[in-house]
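Source file: final-v3.cif; contents: mmCIF, C-alpha atoms.
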```cif
data_my_file
loop_
_atom_site.label_atom_id
_atom_site.label_comp_id
_atom_site.auth_asym_id
_atom_site.auth_seq_id
_atom_site.Cartn_x
_atom_site.Cartn_y
_atom_site.Cartn_z
CA MET A 1 -35.56 -12.00 -23.04
CA GLU A 2 -35.36 -13.39 -26.57
CA LYS A 3 -32.60 -12.35 -28.98
CA GLU A 4 -34.92 -10.26 -31.20
CA GLU A 5 -36.38 -8.49 -28.15
CA ARG A 6 -32.89 -7.67 -26.87
CA LYS A 7 -31.99 -6.23 -30.26
CA GLU A 8 -35.05 -4.00 -30.17
CA VAL A 9 -34.21 -2.66 -26.69
CA TYR A 10 -30.63 -1.74 -27.57
CA ASP A 11 -31.09 -0.62 -31.20
CA THR A 12 -34.12 1.66 -30.80
CA PRO A 13 -33.15 5.36 -30.98
CA VAL A 14 -33.33 6.97 -27.54
CA THR A 15 -33.05 10.64 -28.55
CA ASP A 16 -34.51 12.93 -31.19
CA GLU A 17 -32.43 15.06 -33.56
CA ASN A 18 -31.91 17.63 -30.78
CA GLY A 19 -30.60 15.06 -28.31
CA SER A 20 -33.72 14.96 -26.11
CA PRO A 21 -34.74 11.52 -24.74
CA ILE A 22 -37.70 9.94 -26.58
CA SER A 23 -37.79 6.58 -24.79
CA ILE A 24 -37.19 5.18 -21.31
CA VAL A 25 -33.61 5.86 -20.25
CA TRP A 26 -33.40 3.84 -17.03
CA LYS A 27 -34.37 0.16 -16.81
CA PRO A 28 -36.41 -0.60 -13.64
CA ASP A 29 -36.27 -4.42 -13.65
CA LEU A 30 -33.36 -4.93 -11.23
CA TYR A 31 -34.70 -2.28 -8.89
CA LYS A 32 -38.04 -4.13 -8.74
CA LEU A 33 -36.21 -7.38 -7.98
CA GLN A 34 -34.30 -5.76 -5.12
CA GLN A 35 -37.61 -4.57 -3.68
CA GLU A 36 -38.99 -8.13 -3.92
CA SER A 37 -35.99 -9.81 -2.27
CA PRO A 38 -36.38 -11.29 1.25
CA LYS A 39 -35.64 -8.95 4.14
CA PRO A 40 -33.26 -9.99 6.94
CA GLN A 41 -34.97 -11.53 9.98
CA PRO A 42 -32.57 -12.48 12.78
CA VAL A 43 -33.39 -15.55 14.84
CA PHE A 44 -32.42 -14.62 18.40
CA ALA A 45 -31.17 -16.95 21.09
CA SER A 46 -33.53 -17.27 24.03
CA SER A 47 -30.92 -15.61 26.27
CA ALA A 48 -27.44 -14.13 26.03
CA VAL A 49 -24.88 -16.85 25.30
CA SER A 50 -21.83 -17.10 27.55
CA GLY A 51 -18.64 -16.11 25.73
CA CYS A 52 -20.47 -14.14 23.04
CA PRO A 53 -18.03 -11.84 21.18
CA PHE A 54 -18.67 -8.13 21.80
CA PHE A 55 -19.36 -7.55 18.09
CA TYR A 56 -22.34 -9.96 18.00
CA GLY A 57 -25.70 -9.72 19.73
CA LEU A 58 -28.59 -12.06 20.44
CA GLU A 59 -28.34 -13.48 16.90
CA TYR A 60 -25.28 -15.38 18.22
CA HIS A 61 -26.22 -18.92 19.38
CA GLY A 62 -22.84 -20.25 20.47
CA ALA A 63 -21.61 -23.72 19.46
CA MET A 64 -24.04 -25.32 17.02
CA ASN A 65 -23.84 -27.69 14.05
CA HIS A 66 -25.47 -26.98 10.70
CA LYS A 67 -28.36 -29.38 11.26
CA GLU A 68 -29.38 -27.53 14.43
CA ALA A 69 -29.11 -24.24 12.57
CA ASN A 70 -31.29 -25.57 9.73
CA SER A 71 -34.03 -26.49 12.18
CA LEU A 72 -34.17 -22.95 13.61
CA LEU A 73 -34.29 -21.13 10.25
CA THR A 74 -37.88 -21.60 9.08
CA ASP A 75 -38.55 -18.67 6.73
CA ASP A 76 -36.71 -16.96 3.89
CA GLY A 77 -34.60 -14.14 5.31
CA ASN A 78 -34.02 -15.88 8.66
CA TYR A 79 -30.40 -15.87 9.84
CA LEU A 80 -28.26 -16.61 12.88
CA ILE A 81 -24.60 -16.72 13.85
CA ARG A 82 -23.05 -19.79 15.40
CA LEU A 83 -19.72 -21.22 16.45
CA SER A 84 -19.03 -24.05 14.04
CA THR A 85 -18.46 -27.45 15.63
CA SER A 86 -17.23 -29.10 12.42
CA SER A 87 -13.73 -27.70 12.71
CA ASP A 88 -10.95 -27.84 15.31
CA ASP A 89 -10.35 -24.13 14.72
CA LYS A 90 -12.63 -21.56 16.28
CA MET A 91 -14.78 -20.40 13.36
CA TYR A 92 -17.87 -18.22 13.30
CA THR A 93 -20.50 -19.11 10.73
CA LEU A 94 -23.38 -17.12 9.28
CA SER A 95 -26.36 -19.31 8.43
CA LEU A 96 -29.21 -17.80 6.41
CA LYS A 97 -32.21 -19.10 4.50
CA ILE A 98 -33.39 -18.14 1.02
CA PHE A 99 -35.54 -20.02 -1.50
CA GLY A 100 -36.21 -22.62 1.18
CA LYS A 101 -32.53 -23.55 1.46
CA VAL A 102 -30.05 -22.72 4.22
CA HIS A 103 -26.61 -21.38 3.22
CA HIS A 104 -23.57 -21.29 5.52
CA TYR A 105 -20.69 -18.80 5.26
CA LYS A 106 -17.51 -18.27 7.22
CA LEU A 107 -17.88 -14.95 9.02
CA PHE A 108 -15.04 -12.55 9.83
CA TYR A 109 -14.60 -9.32 11.77
CA ASP A 110 -11.76 -6.78 11.59
CA GLY A 111 -13.65 -3.74 12.80
CA GLN A 112 -16.26 -4.49 10.14
CA HIS A 113 -18.15 -7.66 9.28
CA TYR A 114 -17.49 -9.56 6.05
CA VAL A 115 -17.71 -12.93 4.33
CA SER A 116 -15.82 -11.90 1.16
CA GLN A 117 -14.57 -8.51 -0.06
CA LYS A 118 -17.43 -6.24 0.96
CA ARG A 119 -17.30 -4.79 4.49
CA PHE A 120 -20.34 -3.88 6.64
CA ASN A 121 -20.83 -2.02 9.90
CA THR A 122 -23.60 -4.36 11.08
CA ILE A 123 -24.51 -7.99 10.57
CA ASN A 124 -28.00 -6.94 9.48
CA ASP A 125 -26.53 -4.84 6.63
CA LEU A 126 -24.34 -7.75 5.55
CA VAL A 127 -27.30 -10.15 5.48
CA ALA A 128 -29.54 -7.64 3.65
CA ASP A 129 -26.91 -7.19 0.94
CA GLY A 130 -26.31 -10.94 0.72
CA LEU A 131 -30.01 -11.70 0.34
CA VAL A 132 -30.32 -9.16 -2.47
CA THR A 133 -27.28 -10.60 -4.27
CA LEU A 134 -28.50 -14.20 -3.98
CA TYR A 135 -31.99 -13.18 -5.10
CA MET A 136 -30.63 -11.27 -8.10
CA GLU A 137 -28.34 -14.09 -9.16
CA SER A 138 -31.21 -16.58 -8.99
CA LYS A 139 -33.92 -14.48 -10.65
CA ALA A 140 -31.87 -12.48 -13.15
CA GLY A 141 -28.53 -14.28 -13.51
CA LYS A 142 -28.80 -14.64 -17.30
CA TYR A 143 -30.01 -11.05 -17.72
CA ILE A 144 -27.12 -9.71 -15.61
CA TYR A 145 -24.65 -11.72 -17.68
CA LEU A 146 -26.12 -10.45 -20.95
CA MET A 147 -26.52 -6.82 -19.92
CA HIS A 148 -22.73 -6.38 -19.80
CA SER A 149 -22.34 -7.67 -23.36
CA LEU A 150 -25.31 -5.92 -24.98
CA ILE A 151 -24.38 -2.35 -24.15
CA SER A 152 -23.87 0.50 -26.57
CA TYR A 153 -21.85 3.48 -25.35
CA GLU A 154 -23.34 5.79 -27.98
CA LYS A 155 -26.88 4.90 -26.78
CA SER A 156 -26.07 4.79 -23.07
CA PRO A 157 -27.87 7.04 -20.57
CA TYR A 158 -24.65 9.00 -20.14
CA MET A 159 -24.50 9.87 -23.84
CA THR A 160 -28.27 10.35 -24.07
CA LEU A 161 -28.48 12.81 -21.19
CA ASN A 162 -25.22 14.61 -22.01
CA LYS A 163 -25.42 14.65 -25.79
CA LEU A 164 -26.01 18.38 -26.20
CA LYS A 165 -23.50 19.25 -23.46
CA ARG A 166 -20.78 17.13 -25.07
CA LYS A 167 -21.52 18.56 -28.50
CA THR A 168 -21.18 22.07 -27.10
CA ILE A 169 -17.88 21.21 -25.38
CA LYS A 170 -16.45 19.86 -28.62
CA LYS A 171 -17.63 22.86 -30.64
CA LEU A 172 -16.06 25.27 -28.17
CA LYS A 173 -12.40 25.39 -29.09
CA PRO A 174 -10.64 27.40 -26.41
CA ARG A 175 -7.15 28.51 -27.29
CA GLN A 176 -4.01 29.01 -25.29
CA LEU A 177 -2.80 32.59 -24.88
CA ASN A 178 -0.52 32.09 -27.88
CA CYS A 179 -3.55 31.03 -29.99
CA GLU A 180 -2.42 27.47 -30.69
CA GLU A 181 -5.08 24.85 -31.36
CA VAL A 182 -6.04 22.82 -28.29
CA VAL A 183 -5.55 19.05 -28.38
CA ASP A 184 -8.52 16.91 -27.27
CA TYR A 185 -6.59 14.36 -25.18
CA ASP A 186 -7.90 10.86 -24.51
CA LYS A 187 -8.35 10.39 -20.78
CA PRO A 188 -9.38 7.14 -19.07
CA HIS A 189 -11.91 7.32 -16.25
CA ASN A 190 -10.56 7.32 -12.70
CA PHE A 191 -12.89 4.69 -11.24
CA LYS A 192 -12.99 3.85 -7.54
CA THR A 193 -15.31 1.49 -5.68
CA HIS A 194 -18.16 3.58 -4.31
CA ASN A 195 -20.86 3.27 -1.65
CA PHE A 196 -23.88 4.86 -3.32
CA LYS A 197 -26.52 6.48 -1.16
CA GLY A 198 -30.15 6.18 -2.19
CA LEU A 199 -31.17 4.75 -5.57
CA ASN A 200 -28.62 4.84 -8.40
CA TRP A 201 -28.41 3.44 -11.93
CA CYS A 202 -25.48 2.48 -14.17
CA GLU A 203 -24.84 5.24 -16.71
CA LEU A 204 -23.62 2.73 -19.31
CA CYS A 205 -26.12 -0.18 -19.29
CA SER A 206 -28.94 1.85 -17.62
CA ASN A 207 -29.64 -0.91 -15.08
CA PHE A 208 -30.04 -0.46 -11.34
CA LEU A 209 -26.95 -0.57 -9.09
CA TRP A 210 -28.27 -3.14 -6.65
CA GLY A 211 -27.11 -3.86 -3.13
CA PHE A 212 -26.54 -1.68 -0.07
CA THR A 213 -22.81 -1.01 -0.21
CA GLN A 214 -20.04 -1.03 -2.84
CA GLN A 215 -22.71 -1.38 -5.51
CA GLY A 216 -20.36 -0.25 -8.28
CA VAL A 217 -17.71 2.29 -9.19
CA LYS A 218 -17.66 6.04 -9.67
CA CYS A 219 -15.18 8.17 -11.64
CA GLU A 220 -13.56 10.61 -9.23
CA ASP A 221 -12.92 13.06 -12.06
CA CYS A 222 -16.26 13.24 -13.91
CA GLY A 223 -18.72 11.38 -11.63
CA PHE A 224 -19.61 8.58 -14.11
CA SER A 225 -21.35 5.74 -12.19
CA ALA A 226 -21.28 2.14 -13.41
CA HIS A 227 -21.32 -1.53 -12.50
CA PHE A 228 -17.84 -3.01 -12.03
CA LYS A 229 -18.02 -4.99 -15.29
CA CYS A 230 -19.59 -2.14 -17.26
CA SER A 231 -16.73 0.17 -16.25
CA GLU A 232 -14.29 -2.14 -18.04
CA LYS A 233 -16.02 -1.47 -21.38
CA LEU A 234 -15.78 2.33 -21.37
CA PRO A 235 -13.50 4.15 -23.83
CA PRO A 236 -10.91 6.73 -22.57
CA ASP A 237 -13.50 9.48 -22.86
CA CYS A 238 -13.58 11.15 -19.44
CA TYR A 239 -14.56 14.82 -19.35
CA PRO A 240 -13.49 15.96 -15.85
CA ASP A 241 -15.87 18.17 -13.93
CA LEU A 242 -14.16 21.17 -12.33
CA LYS A 243 -16.74 21.14 -9.54
CA LEU A 244 -15.24 17.85 -8.30
CA PHE A 245 -11.74 19.32 -7.91
CA ARG A 246 -10.48 20.81 -4.68
CA GLY A 247 -7.94 22.94 -6.58
CA VAL A 248 -5.25 22.63 -9.25
CA PHE A 249 -2.30 21.41 -7.17
CA GLY A 250 -1.91 17.66 -6.76
CA ILE A 251 -4.25 16.86 -9.68
CA ASP A 252 -3.22 14.43 -12.42
CA LEU A 253 -1.82 16.40 -15.37
CA THR A 254 -3.99 14.86 -18.09
CA THR A 255 -7.07 15.33 -15.90
CA HIS A 256 -6.11 18.98 -15.43
CA VAL A 257 -5.72 19.82 -19.13
CA LYS A 258 -8.85 17.86 -20.09
CA ALA A 259 -10.90 19.72 -17.50
CA TYR A 260 -9.63 23.17 -18.46
CA LYS A 261 -9.50 22.34 -22.20
CA THR A 262 -5.87 23.40 -22.63
CA ASN A 263 -2.79 21.79 -24.17
CA ARG A 264 -0.80 22.25 -20.97
CA PRO A 265 -1.69 23.06 -17.38
CA PHE A 266 -2.55 26.77 -17.25
CA VAL A 267 -0.32 27.04 -14.15
CA VAL A 268 2.70 26.14 -16.29
CA ASP A 269 1.75 28.58 -19.05
CA LYS A 270 1.03 31.50 -16.73
CA CYS A 271 4.21 31.03 -14.70
CA VAL A 272 6.45 30.60 -17.74
CA GLU A 273 4.96 33.63 -19.49
CA GLU A 274 5.42 35.80 -16.40
CA ILE A 275 9.00 34.65 -15.92
CA GLU A 276 9.82 35.28 -19.59
CA ARG A 277 8.28 38.74 -19.27
CA ARG A 278 10.31 39.90 -16.27
CA GLY A 279 12.49 37.16 -14.82
CA MET A 280 14.90 35.95 -17.49
CA SER A 281 17.68 38.32 -16.42
CA VAL A 282 17.19 37.81 -12.67
CA GLU A 283 20.21 36.13 -11.07
CA GLY A 284 19.45 32.68 -9.66
CA ILE A 285 16.05 32.33 -11.32
CA TYR A 286 14.63 28.90 -10.31
CA ARG A 287 17.55 28.37 -7.90
CA VAL A 288 16.49 31.03 -5.38
CA SER A 289 13.27 30.30 -3.49
CA GLY A 290 10.44 32.78 -2.99
CA PHE A 291 9.04 33.80 0.39
CA GLN A 292 6.75 31.10 1.78
CA GLU A 293 3.96 33.50 2.78
CA GLU A 294 3.74 34.92 -0.76
CA MET A 295 3.93 31.42 -2.26
CA ASP A 296 1.01 30.31 -0.09
CA SER A 297 -0.94 33.37 -1.26
CA LEU A 298 -0.28 32.64 -4.96
CA ARG A 299 -1.13 28.96 -4.56
CA LEU A 300 -4.48 29.82 -2.96
CA ALA A 301 -5.16 32.34 -5.73
CA LEU A 302 -4.50 29.72 -8.44
CA ASP A 303 -6.74 27.21 -6.68
CA LYS A 304 -9.53 29.78 -6.33
CA ASP A 305 -9.29 31.96 -9.46
CA GLY A 306 -7.78 29.47 -11.94
CA LYS A 307 -6.86 30.97 -15.28
CA GLY A 308 -7.93 34.41 -14.06
CA THR A 309 -5.18 34.58 -11.42
CA ILE A 310 -3.16 37.80 -11.56
CA MET A 311 0.56 37.28 -10.93
CA ASP A 312 2.15 40.41 -12.40
CA ASP A 313 4.70 42.56 -10.55
CA GLN A 314 1.90 44.56 -8.94
CA ALA A 315 0.60 41.42 -7.22
CA TYR A 316 3.89 39.55 -6.72
CA GLU A 317 6.91 41.80 -7.07
CA ASN A 318 9.35 38.99 -6.28
CA ILE A 319 9.59 36.85 -9.44
CA HIS A 320 11.14 34.01 -7.42
CA VAL A 321 7.67 33.47 -5.93
CA VAL A 322 6.30 32.68 -9.40
CA ALA A 323 9.26 30.41 -10.23
CA SER A 324 8.86 28.56 -6.92
CA ILE A 325 5.13 28.02 -7.52
CA LEU A 326 5.88 26.47 -10.93
CA LYS A 327 8.32 24.04 -9.30
CA MET A 328 5.79 23.28 -6.56
CA TYR A 329 3.03 22.54 -9.07
CA LEU A 330 5.28 20.09 -10.95
CA ARG A 331 6.55 18.52 -7.73
CA LEU A 332 3.00 17.84 -6.49
CA LEU A 333 1.86 15.99 -9.62
CA PRO A 334 0.75 12.48 -8.54
CA ILE A 335 2.43 11.08 -11.68
CA PRO A 336 5.71 12.92 -12.42
CA LEU A 337 6.08 14.85 -15.67
CA ILE A 338 8.59 12.20 -16.81
CA THR A 339 6.49 9.22 -15.79
CA TYR A 340 7.49 6.13 -13.84
CA ASP A 341 7.51 3.89 -16.91
CA VAL A 342 9.43 6.31 -19.14
CA HIS A 343 12.04 7.29 -16.53
CA PRO A 344 14.11 4.06 -16.77
CA LEU A 345 14.09 4.33 -20.59
CA VAL A 346 15.52 7.85 -20.32
CA ILE A 347 18.27 6.68 -17.96
CA LYS A 348 19.04 3.69 -20.20
CA ALA A 349 19.52 6.03 -23.18
CA LEU A 350 22.47 7.65 -21.36
CA GLU A 351 24.41 4.39 -21.54
CA ILE A 352 24.73 4.61 -25.35
CA GLN A 353 28.21 5.77 -26.39
CA MET A 354 27.52 7.35 -29.77
CA SER A 355 26.05 10.82 -29.21
CA TRP A 356 23.59 10.75 -32.14
CA GLU A 357 22.34 7.27 -31.17
CA ARG A 358 21.99 8.39 -27.55
CA LEU A 359 19.94 11.40 -28.66
CA ALA A 360 17.74 9.25 -30.92
CA GLU A 361 17.09 6.78 -28.08
CA LEU A 362 16.27 9.63 -25.71
CA ARG A 363 13.83 11.08 -28.20
CA ALA A 364 12.18 7.68 -28.68
CA ALA A 365 11.86 7.24 -24.91
CA LEU A 366 10.17 10.62 -24.42
CA LYS A 367 7.76 9.87 -27.27
CA LYS A 368 6.28 7.20 -24.99
CA LEU A 369 5.06 9.84 -22.54
CA PRO A 370 1.30 10.50 -22.40
CA PRO A 371 0.55 13.29 -24.93
CA ALA A 372 -0.25 15.89 -22.26
CA HIS A 373 3.01 15.11 -20.44
CA TYR A 374 4.99 15.22 -23.69
CA ASN A 375 3.57 18.60 -24.75
CA THR A 376 4.15 20.10 -21.31
CA LEU A 377 7.73 18.80 -21.14
CA SER A 378 8.47 20.13 -24.64
CA TYR A 379 7.16 23.58 -23.68
CA LEU A 380 9.08 23.62 -20.38
CA MET A 381 12.37 22.45 -21.93
CA ALA A 382 12.17 25.14 -24.63
CA HIS A 383 11.65 27.71 -21.87
CA LEU A 384 14.59 26.43 -19.79
CA HIS A 385 16.79 26.50 -22.89
CA ARG A 386 15.89 30.16 -23.36
CA VAL A 387 16.83 30.76 -19.71
CA THR A 388 20.34 29.39 -20.42
CA LEU A 389 20.72 31.85 -23.31
CA ARG A 390 20.69 34.65 -20.69
CA LEU A 391 23.46 32.98 -18.69
CA ASP A 392 25.56 36.13 -18.47
CA GLU A 393 22.75 37.83 -16.56
CA ASN A 394 20.97 35.09 -14.60
CA LYS A 395 24.01 32.81 -13.95
CA MET A 396 21.87 29.72 -14.66
CA THR A 397 23.52 27.08 -16.84
CA ALA A 398 21.83 23.95 -18.18
CA GLN A 399 23.65 22.05 -15.42
CA ASN A 400 22.29 24.42 -12.74
CA LEU A 401 18.73 24.11 -14.07
CA SER A 402 19.01 20.33 -14.35
CA THR A 403 20.14 20.10 -10.74
CA VAL A 404 17.13 22.18 -9.66
CA PHE A 405 14.50 20.42 -11.80
CA ALA A 406 15.61 16.76 -11.83
CA PRO A 407 14.06 15.90 -8.42
CA THR A 408 10.86 17.67 -9.54
CA LEU A 409 10.40 16.24 -13.03
CA MET A 410 11.56 12.65 -12.49
CA PRO A 411 10.42 10.01 -10.00
CA MET A 412 12.50 9.95 -6.85
CA PRO A 413 14.40 6.67 -6.32
CA ASP A 414 13.00 4.25 -3.77
CA LEU A 415 14.50 5.46 -0.49
CA ILE A 416 14.27 1.94 0.97
CA ASP A 417 17.02 0.82 -1.41
CA PHE A 418 19.37 3.49 -0.12
CA LYS A 419 19.19 2.58 3.57
CA GLY A 420 18.98 6.15 4.78
CA THR A 421 21.59 7.63 2.45
CA ILE A 422 20.83 10.49 0.05
CA PRO A 423 19.68 9.09 -3.33
CA ASP A 424 22.09 9.62 -6.24
CA MET A 425 20.39 11.90 -8.76
CA ASN A 426 23.47 12.30 -11.01
CA ARG A 427 22.05 10.26 -13.89
CA ASP A 428 18.74 12.13 -13.72
CA ILE A 429 20.60 15.44 -13.78
CA SER A 430 22.71 14.31 -16.75
CA ALA A 431 19.60 13.21 -18.65
CA LEU A 432 17.79 16.48 -18.02
CA HIS A 433 20.92 18.43 -18.95
CA MET A 434 20.98 16.65 -22.31
CA ILE A 435 17.24 17.29 -22.88
CA ILE A 436 17.59 21.03 -22.18
CA GLU A 437 20.62 21.45 -24.44
CA ASN A 438 19.09 19.41 -27.26
CA GLN A 439 15.43 20.29 -26.81
CA ASN A 440 15.02 21.50 -30.40
CA ALA A 441 16.37 18.25 -31.88
CA ILE A 442 14.40 16.08 -29.43
CA PHE A 443 10.97 17.71 -29.66
CA ASN A 444 10.97 19.28 -33.12
#
```
As structure tokens - that is how I would like this structure written.
Amino acid sequence: MEKEERKEVYDTPVTDENGSPISIVWKPDLYKLQQESPKPQPVFASSAVSGCPFFYGLEYHGAMNHKEANSLLTDDGNYLIRLSTSSDDKMYTLSLKIFGKVHHYKLFYDGQHYVSQKRFNTINDLVADGLVTLYMESKAGKYIYLMHSLISYEKSPYMTLNKLKRKTIKKLKPRQLNCEEVVDYDKPHNFKTHNFKGLNWCELCSNFLWGFTQQGVKCEDCGFSAHFKCSEKLPPDCYPDLKLFRGVFGIDLTTHVKAYKTNRPFVVDKCVEEIERRGMSVEGIYRVSGFQEEMDSLRLALDKDGKGTIMDDQAYENIHVVASILKMYLRLLPIPLITYDVHPLVIKALEIQMSWERLAELRAALKKLPPAHYNTLSYLMAHLHRVTLRLDENKMTAQNLSTVFAPTLMPMPDLIDFKGTIPDMNRDISALHMIIENQNAIFN
């Protein structure tokens, strides 16, 4: 494709003023090439070979050199497995023919067959995928190289097909219960290698995801599908889909607030508001645990009903159940509220002798938290400070609260380093104590 032609393909508008597609969204070229690629045709041995491994069949020919293999593979797509005679080590080799030339690959098995990173349940699947890859690289190598560099996110299929939906999401400005403006956090995609079933196309470059396994990556939070290289060019613009979540517990915090369009996880807001309504004077709040059966019930309700969950005294008379659920939610975050990279900076700040310098360093460290983590921590620390103001009634000092929350809010030390002893959390407790007592100076 010439330079001017490429410019026309990528610069032509793909939607009208209402966001409806007005030109072809998906490019069929790579799909057509996959359909044209040679199909695997095993060359069987005339009879079962003695000593054949259980994971191979009649395509295994036993000891054979590459010249003998070449003579047996007459057509494109032909393949066989042999025991290589060119090495002192026992080595299985896959020999296959494409474009009139025989290629030889070291073959491995660990419960699945592979020659590189991709794993396959059968040899036929491995060969089929290999033939497609070799065919693509030969017929469309330059196009594949260019397609990763000539992409436009704003004109991608994802933006084309979701333009109106995304506009609507941005126009809707949901508010927290206290009517504060909601922050639109940046959130990177959570891509994982994916085995796509059926026919699938890249939502960034609009080209076919070729191959039969591990054809690309898929975002586990929003479902965005892409080639491996295309995924590296995406901005932090993931809009999580609630339908993909199994619940609210154990979900990344930024993913949670982005999906529900809130500044903080609604679990935190609802629990804090309920505790401030009827639990601030209760002795041992946050120190005393709720009944497990009621906690399980509230957790299931939050997973099922989300923001609509009722947790007033009619539903859960024991306020310790609500306090325990808040601690559980924070404890189950895959990345702690005070993240792994910020935690050592917080601990290092404690080593500073001058109190005002120590406070300034602590504030600077917490500023490095992801915005959603920072806003949630600020809200929680202000709440815990208000709890300490009712000390005469609830008997909970900043030290008590720090002891309760430190293992929940900060990463646990590596237990391997402690050789079975209980990890020392004293520095974490001291840091949290300082944050609670100085929350106004640190966050405001």
**Prompt:** For the file shown, what are the residues hit by the PyMOL selection byres ((chain A and resi 320-335) around 6), laid out as a list of chain:residue names?
**Reply:** A:Phe249, A:Gly250, A:Asp252, A:Cys271, A:Tyr286, A:Ser289, A:Gly290, A:Met295, A:Asn318, A:Ile319, A:Pro336, A:Thr408
**Asked** A:Asn438, A:Asn65, A:Asn394, A:Asn444: which is nearest Gly284 (chain A), counting all atoms listed in the file?
**Response**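 Comparing A:Asn438, A:Asn65, A:Asn394, A:Asn444 against Gly284 (chain A), the winner is A:Asn394.
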**Asked** What does the distance between CA of Glu274 (chain A) and CA of Met381 (chain A) come to in Å, to one decimal place?
**Response**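 Going from CA of Glu274 (chain A) over to CA of Met381 (chain A), I get 16.0 Å.
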**Item:** Among listed residues A:Ala431, A:Cys230, A:Val102, A:Leu350, nearest Ala398 (chain A) (using all atoms listed in the file)
**Value:**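 Ranking A:Ala431, A:Cys230, A:Val102, A:Leu350 by distance to Ala398 (chain A), first place goes to A:Ala431.
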**Item:** Ground truth for the PyMOL selection byres ((chain A and resi 428) around 9), written as a ChimeraX atom specification
**Value:** /A:343,346-347,402-403,406-407,410,424-427,429-433
With C-alpha atoms retained, write the just-selected residues as a compact mmCIF listing (two decimals), in the coordinates of the input.
```txt
# COMPACT_ATOMS: atom_id res chain seq x y z
CA HIS A 343 12.04 7.29 -16.53
CA VAL A 346 15.52 7.85 -20.32
CA ILE A 347 18.27 6.68 -17.96
CA SER A 402 19.01 20.33 -14.35
CA THR A 403 20.14 20.10 -10.74
CA ALA A 406 15.61 16.76 -11.83
CA PRO A 407 14.06 15.90 -8.42
CA MET A 410 11.56 12.65 -12.49
CA ASP A 424 22.09 9.62 -6.24
CA MET A 425 20.39 11.90 -8.76
CA ASN A 426 23.47 12.30 -11.01
CA ARG A 427 22.05 10.26 -13.89
CA ILE A 429 20.60 15.44 -13.78
CA SER A 430 22.71 14.31 -16.75
CA ALA A 431 19.60 13.21 -18.65
CA LEU A 432 17.79 16.48 -18.02
CA HIS A 433 20.92 18.43 -18.95
```
**Request:** To one decimal in Å, tell me the separation between CA of Lys90 (chain A) and CA of Glu59 (chain A).
**Result:**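 Between CA of Lys90 (chain A) and CA of Glu59 (chain A) the gap is 17.7 Å.
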**Prompt:** Nearest to Thr213 (chain A): which of A:Ala301, A:Ala382, A:Met147, A:Leu199 is it, counting only C-alpha atoms?
**Reply:** A:Leu199
**Request:** Kindly resolve the PyMOL selection byres ((chain A and resi 77) around 7) on the present coordinates and return the residues as number ranges by chain.
**Result:** A: 38-41, 75-76, 78-79, 96-98
Can you patch up region 236-247 of chain A, filling it in to N, CA and C atoms, and show the result as an mmCIF file, in the frame of the given file?
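Wrote it out as out_34.cif, contents follow:
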```cif
data_model
loop_
_atom_site.group_PDB
_atom_site.id
_atom_site.type_symbol
_atom_site.label_atom_id
_atom_site.label_comp_id
_atom_site.auth_asym_id
_atom_site.auth_seq_id
_atom_site.Cartn_x
_atom_site.Cartn_y
_atom_site.Cartn_z
ATOM 1 N N PRO A 236 -11.594 5.647 -23.313
ATOM 2 C CA PRO A 236 -10.910 6.730 -22.570
ATOM 3 C C PRO A 236 -11.513 8.081 -22.932
ATOM 4 N N ASP A 237 -12.703 8.334 -22.405
ATOM 5 C CA ASP A 237 -13.500 9.480 -22.860
ATOM 6 C C ASP A 237 -14.008 10.285 -21.667
ATOM 7 N N CYS A 238 -13.180 10.425 -20.648
ATOM 8 C CA CYS A 238 -13.580 11.150 -19.440
ATOM 9 C C CYS A 238 -13.482 12.655 -19.662
ATOM 10 N N TYR A 239 -14.557 13.357 -19.329
ATOM 11 C CA TYR A 239 -14.560 14.820 -19.350
ATOM 12 C C TYR A 239 -14.638 15.304 -17.897
ATOM 13 N N PRO A 240 -13.498 15.591 -17.278
ATOM 14 C CA PRO A 240 -13.490 15.960 -15.850
ATOM 15 C C PRO A 240 -14.380 17.155 -15.548
ATOM 16 N N ASP A 241 -14.990 17.108 -14.388
ATOM 17 C CA ASP A 241 -15.870 18.170 -13.930
ATOM 18 C C ASP A 241 -15.116 19.019 -12.909
ATOM 19 N N LEU A 242 -14.935 20.291 -13.216
ATOM 20 C CA LEU A 242 -14.160 21.170 -12.330
ATOM 21 C C LEU A 242 -14.769 21.250 -10.940
ATOM 22 N N LYS A 243 -16.082 21.055 -10.838
ATOM 23 C CA LYS A 243 -16.740 21.140 -9.540
ATOM 24 C C LYS A 243 -16.264 20.043 -8.588
ATOM 25 N N LEU A 244 -15.713 18.963 -9.124
ATOM 26 C CA LEU A 244 -15.240 17.850 -8.300
ATOM 27 C C LEU A 244 -13.819 18.052 -7.808
ATOM 28 N N PHE A 245 -13.132 19.096 -8.289
ATOM 29 C CA PHE A 245 -11.740 19.320 -7.910
ATOM 30 C C PHE A 245 -11.655 20.246 -6.705
ATOM 31 N N ARG A 246 -10.706 19.960 -5.848
ATOM 32 C CA ARG A 246 -10.480 20.810 -4.680
ATOM 33 C C ARG A 246 -9.530 21.954 -5.004
ATOM 34 N N GLY A 247 -8.906 21.926 -6.170
ATOM 35 C CA GLY A 247 -7.940 22.940 -6.580
ATOM 36 C C GLY A 247 -7.166 22.437 -7.778
#
```
